[in-house]
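K.L.:
Quick one: the structure is below, and I'll ask about it shortly.
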Amino acid sequence: MTTASHLLYDRSRLIELVRQYALSFGDFTLASGAKASFYLDCRKLTLSGEGANQIAAGILELLQSDMPDAVGGMAIGADPITAAVITRAWQESHCLRGFIVRKESKDHGTGRQVEGPVQAGDRVVILEDVITTGGSSLKAIQHARDFGLKVERLITIIDRQSGGRERFEAEGVRFDSLLTLTDLGIDS
């Protein structure tokens with residue numbers, strides 16, 4: 001059931017949603033190759049109405065003082081985040097476009113690796129669900145830059161606090177997260 005309170009960003013509610021739906025304990029291998037005793041599957045949030053709204057509201061709160069031209073990230077993980085953010089931005093009367101970074105260029109059509117209504121020179125923010133070391137996001141940043149986009153910032157839902165922040169800052173990209181492992185009560 002949707003109520004007006006579900007439409008406002010509520011950090012404590014987002015923490016509850018992550019703990020309830022996205023956090024699993026066990027033995028896992030992460031995209032970075034590292035082993036972990038827990039896994040964060042944010043698709044269980046980004047593909048649900050309340051989760052997507054909370055995430056979009058939180059990201060827009062971070063962006064409000066410096067709205068970019070567009071937001072986007074690596075397919076497919078960033079796709080639902082991008083869709084939620086641009087939809088919510090439009091509902092709040094912000095002109096914000098979205099884009100998708102393909103892992104590989106298409107071998108048909110325009111052959112573009114960056115898709116969407118963006119053009120060289122646009123100021124953009126890369127979106128991500130979970131950051132560990134930041135490897136896949138660094139690829140998205142490079143592809144966006146190769147396309148001519150000005151990548152100013154990266155925003156993730158959860159920072160695993162495993163070196164990603166430092167790697168982005170070394171690339172000249174501001175880094176923000178809605179939540180960290182510390183916020184979730186997890187020791188990294």
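Residue numbering restarts at 1 in every chain; chains get A, B, ... in the order shown in the structure tokens, and ligands count up from 1 in that same order.
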Among the residues of stretch 1-158 of chain A, find those DSSP assigns to strand (DSSP E) from the backbone and print them as a PyMOL selection string.

P.N.:
chain A and resi 23-29+35-40+70-74+97-101+114-115+123-131+150-158

K.L.:
Taking the DSSP secondary structure from the backbone, can you list the residues of chain A that are helix (DSSP H, G or I), as a count of residues only?

P.N.:
68

K.L.:
How many Å lie between atom CA of A:Arg11 and atom CA of A:Ile59, rounded to one decimal?

P.N.:
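Atom CA of A:Ile59 lies at a distance of 11.1 Å from atom CA of A:Arg11.
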
K.L.:
Can you measure atom CA of A:Arg153 to atom CA of A:Phe28 for me? One decimal in Å is fine.

P.N.:
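About the pair atom CA of A:Arg153 and atom CA of A:Phe28: they are 28.9 Å apart.
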
K.L.:
Quick one: everything within 12 Å of A:Phe168, counting only C-alpha atoms, minus sequence neighbours fewer than 4 positions away in the same chain. Send it as a list in words.

P.N.:
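Contacts, in chain order: Ile126, Ile131, Thr132, Thr133, Gly134, Gly135, Ser136, Ser137, Leu138, Lys139, Ala140, Ile141, Gln142, Val151, Glu152, Arg153, Leu154, Ile155, Thr156, Gly163, Gly164, Gly172, Val173, Arg174, Phe175 and Asp176 of chain A.
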
K.L.:
Please produce a file of the residues just selected, as a PDB file, in the first residue's frame, where the atoms kept are C-alpha atoms.

P.N.:
```
ATOM      1  CA  ILE A 126      27.040   7.758 -12.866  1.00  0.00           C
ATOM      2  CA  ILE A 131      30.311  -0.316  -4.862  1.00  0.00           C
ATOM      3  CA  THR A 132      33.082  -2.592  -3.652  1.00  0.00           C
ATOM      4  CA  THR A 133      36.312  -1.723  -5.459  1.00  0.00           C
ATOM      5  CA  GLY A 134      34.539   0.217  -8.215  1.00  0.00           C
ATOM      6  CA  GLY A 135      35.880  -1.738 -11.199  1.00  0.00           C
ATOM      7  CA  SER A 136      32.706  -1.858 -13.302  1.00  0.00           C
ATOM      8  CA  SER A 137      31.854   1.753 -12.501  1.00  0.00           C
ATOM      9  CA  LEU A 138      35.324   2.857 -13.596  1.00  0.00           C
ATOM     10  CA  LYS A 139      34.588   1.183 -16.945  1.00  0.00           C
ATOM     11  CA  ALA A 140      31.273   3.055 -17.164  1.00  0.00           C
ATOM     12  CA  ILE A 141      33.079   6.311 -16.382  1.00  0.00           C
ATOM     13  CA  GLN A 142      35.661   5.643 -19.099  1.00  0.00           C
ATOM     14  CA  VAL A 151      31.479  12.686 -15.568  1.00  0.00           C
ATOM     15  CA  GLU A 152      31.414  14.778 -12.413  1.00  0.00           C
ATOM     16  CA  ARG A 153      30.108  12.412  -9.808  1.00  0.00           C
ATOM     17  CA  LEU A 154      29.157   8.854  -8.919  1.00  0.00           C
ATOM     18  CA  ILE A 155      26.306   8.005  -6.572  1.00  0.00           C
ATOM     19  CA  THR A 156      25.739   4.493  -5.279  1.00  0.00           C
ATOM     20  CA  GLY A 163      38.363   1.156  -1.664  1.00  0.00           C
ATOM     21  CA  GLY A 164      35.898   2.343  -4.299  1.00  0.00           C
ATOM     22  CA  GLY A 172      38.573  13.194 -10.257  1.00  0.00           C
ATOM     23  CA  VAL A 173      35.025  11.892  -9.711  1.00  0.00           C
ATOM     24  CA  ARG A 174      33.136  12.955  -6.592  1.00  0.00           C
ATOM     25  CA  PHE A 175      31.696   9.958  -4.735  1.00  0.00           C
ATOM     26  CA  ASP A 176      28.528   9.776  -2.642  1.00  0.00           C
TER      27      ASP A 176
END
```

K.L.:
Tell me, as a list in words, which residues lie within 6 Å of stretch 76-80 of chain A, counting only C-alpha atoms; anything in the same chain fewer than 5 positions away does not count.

P.N.:
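What passes the distance filter is Thr46, Leu127 and Glu128 of chain A.
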
K.L.:
Hey, can you check how far atom CA of A:Phe38 sits from atom CA of A:Ala56?

P.N.:
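These two atoms are separated by 24.5 Å.
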
K.L.:
Show me, as a short mmCIF file (atom, residue, chain, number, x, y, z; two decimals) with N, CA and C atoms, in the first residue's frame, the residues that have an atom within 12 Å of A:Val85 when counting only C-alpha atoms, minus same-chain residues fewer than 2 positions from it.

P.N.:
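Just written: out.cif:
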```
data_model
loop_
_atom_site.label_atom_id
_atom_site.label_comp_id
_atom_site.auth_asym_id
_atom_site.auth_seq_id
_atom_site.Cartn_x
_atom_site.Cartn_y
_atom_site.Cartn_z
N THR A 46 15.58 -1.98 -6.27
CA THR A 46 15.43 -1.09 -7.43
C THR A 46 14.29 -1.53 -8.34
N GLY A 51 11.05 0.59 -2.89
CA GLY A 51 12.51 0.67 -2.93
C GLY A 51 12.99 1.66 -3.97
N ALA A 52 12.42 1.57 -5.18
CA ALA A 52 12.82 2.48 -6.26
C ALA A 52 12.52 3.93 -5.89
N ASN A 53 11.37 4.17 -5.26
CA ASN A 53 11.02 5.53 -4.85
C ASN A 53 11.94 6.06 -3.76
N GLN A 54 12.27 5.24 -2.78
CA GLN A 54 13.18 5.67 -1.73
C GLN A 54 14.56 6.00 -2.30
N ILE A 55 15.05 5.14 -3.17
CA ILE A 55 16.37 5.34 -3.78
C ILE A 55 16.37 6.61 -4.63
N ALA A 56 15.36 6.76 -5.48
CA ALA A 56 15.29 7.94 -6.34
C ALA A 56 15.20 9.22 -5.51
N ALA A 57 14.39 9.20 -4.46
CA ALA A 57 14.26 10.39 -3.61
C ALA A 57 15.59 10.72 -2.93
N GLY A 58 16.30 9.71 -2.47
CA GLY A 58 17.59 9.94 -1.84
C GLY A 58 18.62 10.49 -2.81
N ILE A 59 18.66 9.94 -4.01
CA ILE A 59 19.61 10.43 -5.02
C ILE A 59 19.27 11.86 -5.41
N LEU A 60 18.00 12.17 -5.61
CA LEU A 60 17.62 13.54 -5.96
C LEU A 60 17.93 14.52 -4.83
N GLU A 61 17.83 14.06 -3.60
CA GLU A 61 18.20 14.92 -2.47
C GLU A 61 19.69 15.25 -2.55
N LEU A 62 20.52 14.27 -2.90
CA LEU A 62 21.95 14.53 -3.05
C LEU A 62 22.25 15.46 -4.22
N LEU A 63 21.43 15.38 -5.28
CA LEU A 63 21.67 16.16 -6.50
C LEU A 63 21.09 17.57 -6.45
N MET A 67 22.22 19.96 -9.98
CA MET A 67 21.56 19.02 -10.89
C MET A 67 22.36 18.89 -12.19
N ALA A 70 22.28 14.76 -17.01
CA ALA A 70 21.79 13.39 -17.14
C ALA A 70 22.41 12.49 -16.08
N VAL A 71 21.73 11.37 -15.84
CA VAL A 71 22.22 10.32 -14.95
C VAL A 71 22.15 8.99 -15.69
N GLY A 72 23.04 8.08 -15.34
CA GLY A 72 23.00 6.76 -15.95
C GLY A 72 24.16 5.93 -15.47
N ALA A 78 22.38 -0.46 -13.40
CA ALA A 78 22.00 0.94 -13.18
C ALA A 78 20.69 1.30 -13.88
N ASP A 79 20.21 0.46 -14.77
CA ASP A 79 19.01 0.81 -15.55
C ASP A 79 17.78 1.12 -14.70
N PRO A 80 17.40 0.27 -13.74
CA PRO A 80 16.21 0.62 -12.96
C PRO A 80 16.44 1.84 -12.06
N ILE A 81 17.67 2.04 -11.61
CA ILE A 81 17.97 3.22 -10.78
C ILE A 81 17.79 4.47 -11.63
N THR A 82 18.36 4.45 -12.83
CA THR A 82 18.25 5.59 -13.75
C THR A 82 16.78 5.89 -14.04
N ALA A 83 16.00 4.85 -14.36
CA ALA A 83 14.59 5.04 -14.68
C ALA A 83 13.83 5.66 -13.51
N THR A 87 12.32 9.55 -13.67
CA THR A 87 10.87 9.64 -13.53
C THR A 87 10.50 10.52 -12.35
N ARG A 88 11.14 10.28 -11.24
CA ARG A 88 10.86 11.09 -10.05
C ARG A 88 11.28 12.55 -10.27
N ALA A 89 12.40 12.76 -10.95
CA ALA A 89 12.85 14.12 -11.25
C ALA A 89 11.78 14.85 -12.07
N TRP A 90 11.24 14.20 -13.07
CA TRP A 90 10.19 14.81 -13.91
C TRP A 90 8.97 15.15 -13.05
N GLN A 91 8.60 14.24 -12.14
CA GLN A 91 7.45 14.49 -11.28
C GLN A 91 7.69 15.69 -10.36
N GLU A 92 8.96 15.97 -10.08
CA GLU A 92 9.31 17.11 -9.23
C GLU A 92 9.74 18.33 -10.06
N HIS A 94 11.98 18.66 -12.52
CA HIS A 94 13.38 18.79 -12.90
C HIS A 94 13.56 18.20 -14.29
N CYS A 95 14.32 18.88 -15.12
CA CYS A 95 14.64 18.35 -16.45
C CYS A 95 15.91 17.52 -16.31
N LEU A 96 15.78 16.22 -16.28
CA LEU A 96 16.91 15.32 -16.10
C LEU A 96 16.74 14.15 -17.06
N ARG A 97 17.77 13.91 -17.86
CA ARG A 97 17.74 12.82 -18.83
C ARG A 97 18.51 11.62 -18.29
N GLY A 98 18.29 10.48 -18.92
CA GLY A 98 18.99 9.26 -18.53
C GLY A 98 19.78 8.69 -19.69
N PHE A 99 20.74 7.82 -19.36
CA PHE A 99 21.52 7.13 -20.39
C PHE A 99 21.95 5.77 -19.85
N VAL A 125 26.11 12.23 -14.02
CA VAL A 125 26.39 11.50 -12.79
C VAL A 125 26.17 10.02 -13.09
N ILE A 126 27.15 9.21 -12.72
CA ILE A 126 27.04 7.76 -12.87
C ILE A 126 26.32 7.21 -11.64
N LEU A 127 25.37 6.31 -11.86
CA LEU A 127 24.62 5.67 -10.79
C LEU A 127 25.02 4.21 -10.69
N GLU A 128 25.02 3.69 -9.47
CA GLU A 128 25.41 2.30 -9.23
C GLU A 128 24.62 1.77 -8.05
N ILE A 155 27.15 8.23 -7.75
CA ILE A 155 26.31 8.00 -6.57
C ILE A 155 25.91 6.53 -6.57
#
```

K.L.:
Hey, which of A:Asp146, A:Glu171, A:Glu166, A:Asp129 ends up closest to A:Gly73? Count only C-alpha atoms.

P.N.:
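Answer, going by the shortest atom-to-atom distance: A:Asp129.
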
K.L.:
Just the residues within 8 Å of A:Lys103, please, counting only C-alpha atoms, with nothing from its chain fewer than 4 positions along; format it as an NGL selection string.

P.N.:
:A and (74-75 or 113)

K.L.:
Which one is closest to A:Asp183: A:Leu45, A:Val114, A:Ile158, A:Val101? Count only C-alpha atoms.

P.N.:
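Comparing A:Leu45, A:Val114, A:Ile158, A:Val101 against A:Asp183, the winner is A:Ile158.
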
K.L.:
Pick the closest to A:Arg145 from A:Ala120, A:Glu169, A:Val130, A:Ile186: which is it, counting only C-alpha atoms?

P.N.:
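Of all the options, A:Ala120 lies closest to A:Arg145.
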
K.L.:
Neighbouring residues of A:Leu179 were defined as those with any atom within 8 Å, considering only C-alpha atoms; residues of the same chain fewer than 5 positions away were excluded. Please report them as a ChimeraX atom specification.

P.N.:
/A:15,157-159,184
